[in-house]
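What follows is one structure encoded as structure tokens, with my remarks underneath.
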2 protein chains.
Amino acid sequence: MKQKSSSWLIRPATSKDHEAIWRIIRSVIKTGDTYVFTPNASKEKMLEYWCGPDAYTYVALIDDTIKGTFVLRDNKPDLGSHIGNGSYMVDPAAHGLGIGRRMGEHSIAEAKRLGYHAIQFNYVVKTNQPAVNLWLSLGFEIVGEVPEAFNHSQLGYTNVYVMYRKL
Amino acid sequence: MKQKSSSWLIRPATSKDHEAIWRIIRSVIKTGDTYVFTPNASKEKMLEYWCGPDAYTYVALIDDTIKGTFVLRDNKPDLGSHIGNGSYMVDPAAHGLGIGRRMGEHSIAEAKRLGYHAIQFNYVVKTNQPAVNLWLSLGFEIVGEVPEAFNHSQLGYTNVYVMYRKL
């Protein structure tokens with residue numbers, strides 16, 4: 001049987017997207033196994049972080065429904081601001097569709113366009129193997145490993161990778 | 001001939017120390033070769049960073065004059081907040097006296113006392129050999145190296161180390 005065709009869109013977020021972004025953030029952080037934020041982090045705090053004035057925020061939609069979101073921003077101020085930092089979240093109910101990969105590819109193109117020389121991730125949880133594999137397949141390399149930097153909800157203190165991709 | 005004896009003190013900073021702290025910050029960042037902040041960074045911005053509510057700020061004095069300052073704070077929020085982050089600055093006119101080492105030792109003891117499991121530095125400029133050697137001698141290890149993350153005023157894009165010491 002033929003699958004229903006779907007339309008995909010990645011675009012900059014607007015304030016009208018904040019409720020949908022918050023729903024994704026909430027469902028991603030609530031398991032405490034991939035992101036540094038406590039499962040109880042407030043909507044206000046998280047939207048300030050994800051959609052603040054220093055952030056380029058994007059949303060990924062399938063058939064007009066937001067299924068993922070990512071953020072680009074300067075990794076450091078001033079003499080380190082030529083390196084971009086990226087954060088990505090996919091609606092857990094939409095895993096396996098390739099949204100993370102699509103957002104990763106788009107973020108690489110956007111980071112180039114914005115003038116960044118490289119993208120750096122400071123905090124990829126080592127046990128988050130789907131994320132690590134995705135980034136490796138998109139040309140990122142592991143440039144650092146910090147022992148026990150993440151307090152994983154099930155595994156306890158877990159190592160964290162620093163990953164990097166030249167643009 | 002006998003040297004004049006001197007008294008050394010490391011203590012938490014108060015708001016009365018802000019002018020002295022700012023003078024050190026200004027003289028350290030103005031060369032653009034060790035810290036990420038632009039040589040033109042404003043006093044307001046730098047004091048907010050160095051002495052903000054999330055920071056444990058200390059000063060090091062020789063004979064009642066502030067010669068150095070350092071900061072401890074959570075390296076990450078929430079599930080990463082068990083790792084401390086440290087930043088250190090020495091008055092360039094007081095280099096070679098061992099103030100950096102004394103502050104490093106004190107920060108290790110303080111970070112333990114504050115309950116941190118480790119200290120992490122995210123941004124040690126590789127060409128800042130005195131700092132790298134100091135941290136290695138105090139038991140830190142290099143756990144990451146980020147290519148060309150620092151725009152050095154003389155050398156251009158320069159690698160940055162991530163350093164780490166378990167407590």
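The way I read the labels, and the way they are meant: chains A, B, ... in the order of the structure tokens, residue 1 as the first residue of every chain, and ligand 1 as the first ligand shown, with later ones counted on from there.
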- Message: Just want the 7 Å neighbourhood of region 58-62 of chain A, counted on only C-alpha atoms, with same-chain residues fewer than 4 positions away dropped. Output as a PyMOL selection string.
- Response: chain A and resi 6-13+66-71
Next, dump the selected residues to file, keeping only N, CA and C atoms, as an mmCIF file, in the first residue's frame.
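Result file follows (result_28.cif):
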```cif
data_model
loop_
_atom_site.group_PDB
_atom_site.id
_atom_site.type_symbol
_atom_site.label_atom_id
_atom_site.label_comp_id
_atom_site.auth_asym_id
_atom_site.auth_seq_id
_atom_site.Cartn_x
_atom_site.Cartn_y
_atom_site.Cartn_z
ATOM 1 N N SER A 6 4.396 13.097 2.704
ATOM 2 C CA SER A 6 4.429 14.113 3.758
ATOM 3 C C SER A 6 5.310 15.279 3.327
ATOM 4 N N SER A 7 5.028 16.452 3.883
ATOM 5 C CA SER A 7 5.875 17.595 3.571
ATOM 6 C C SER A 7 6.698 17.980 4.801
ATOM 7 N N TRP A 8 7.969 18.271 4.536
ATOM 8 C CA TRP A 8 8.915 18.617 5.603
ATOM 9 C C TRP A 8 9.323 20.073 5.431
ATOM 10 N N LEU A 9 9.496 20.724 6.554
ATOM 11 C CA LEU A 9 9.928 22.121 6.514
ATOM 12 C C LEU A 9 10.836 22.396 7.706
ATOM 13 N N ILE A 10 11.936 23.081 7.452
ATOM 14 C CA ILE A 10 12.746 23.619 8.559
ATOM 15 C C ILE A 10 12.811 25.125 8.362
ATOM 16 N N ARG A 11 12.429 25.849 9.392
ATOM 17 C CA ARG A 11 12.392 27.320 9.276
ATOM 18 C C ARG A 11 12.748 27.948 10.621
ATOM 19 N N PRO A 12 13.127 29.232 10.609
ATOM 20 C CA PRO A 12 13.354 29.936 11.880
ATOM 21 C C PRO A 12 12.080 29.921 12.719
ATOM 22 N N ALA A 13 12.262 29.817 14.022
ATOM 23 C CA ALA A 13 11.119 29.822 14.938
ATOM 24 C C ALA A 13 10.621 31.248 15.163
ATOM 25 N N ILE A 66 5.124 20.716 14.417
ATOM 26 C CA ILE A 66 6.513 20.828 14.852
ATOM 27 C C ILE A 66 6.944 19.526 15.529
ATOM 28 N N LYS A 67 7.995 18.909 14.984
ATOM 29 C CA LYS A 67 8.492 17.619 15.486
ATOM 30 C C LYS A 67 9.904 17.724 16.048
ATOM 31 N N GLY A 68 10.551 18.851 15.804
ATOM 32 C CA GLY A 68 11.916 19.016 16.293
ATOM 33 C C GLY A 68 12.289 20.479 16.332
ATOM 34 N N THR A 69 13.349 20.772 17.069
ATOM 35 C CA THR A 69 13.809 22.147 17.169
ATOM 36 C C THR A 69 15.312 22.138 17.418
ATOM 37 N N PHE A 70 15.983 23.125 16.894
ATOM 38 C CA PHE A 70 17.406 23.256 17.219
ATOM 39 C C PHE A 70 17.797 24.715 17.315
ATOM 40 N N VAL A 71 18.960 24.916 17.919
ATOM 41 C CA VAL A 71 19.443 26.254 18.234
ATOM 42 C C VAL A 71 20.900 26.364 17.813
#
```
- Item | Ile29 (chain A) environment, 12 Å, only C-alpha atoms, sequence neighbours closer than 3 positions dropped, as a ChimeraX atom specification | /A:22-26,32-43,46,88-92,152-153 /B:78-79
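Each of B:Gly139, B:Gly80, B:Gly115, B:Pro130 was compared to chain A using only C-alpha atoms, and B:Gly80 turns out to be the nearest.
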- Just list the residues in chain B DSSP gives alpha helix (DSSP H) on the backbone, as a VMD selection string. chain B and resid 18 to 29 43 to 51 99 to 113 129 to 137
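The space separating CA of Asn151 (chain B) from CA of Val162 (chain A) comes to 19.3 Å.
Reported to one decimal place, the separation of CA of Gly156 (chain B) from CA of Gly104 (chain B) is 28.0 Å.
Separating CA of Arg101 (chain B) from CA of Ile142 (chain B) is a distance of 17.7 Å.
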- Task: as a VMD selection string, please: all residues of chain B that backbone DSSP puts in strand (DSSP E).
- Result: chain B and resid 8 to 12 56 to 62 65 to 74 83 to 90 118 to 125 141 to 152 156 to 166
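Considering only C-alpha atoms, the residue among A:Tyr116, A:Leu47, A:Ala149, A:Val124 positioned nearest to Asn85 (chain B) is A:Ala149.
The residue that comes closest to chain A, out of B:Arg113, B:Ile119, B:Leu134, B:Ile99 and on the basis of only C-alpha atoms, is B:Ile119.
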- A:Arg102, A:Val132, A:Tyr49, A:Leu114 ranked by distance to chain B, top pick (using only C-alpha atoms): A:Tyr49
- Item | Contacts of Val143 (chain A) at 8 Å (only C-alpha atoms; same-chain gap of 5+ positions) as a PyMOL selection string | (chain A and resi 161-164) or (chain B and resi 144-146)
- Given only C-alpha atoms as the counted atoms, nearest of B:Lys126, B:His106, B:His18, B:Arg165 to chain A: B:Arg165
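Once Leu72 (chain B) and its same-chain neighbours fewer than 2 positions away are set aside, Asp54, Ala55, Tyr56, Thr57, Tyr58, Phe70, Asp74, Asn75, Gly84, Asn85, Gly86, Ser87, Ser107, Glu110, Ala111 and Ile119 of chain B remain within 9 Å of it when counting only C-alpha atoms.
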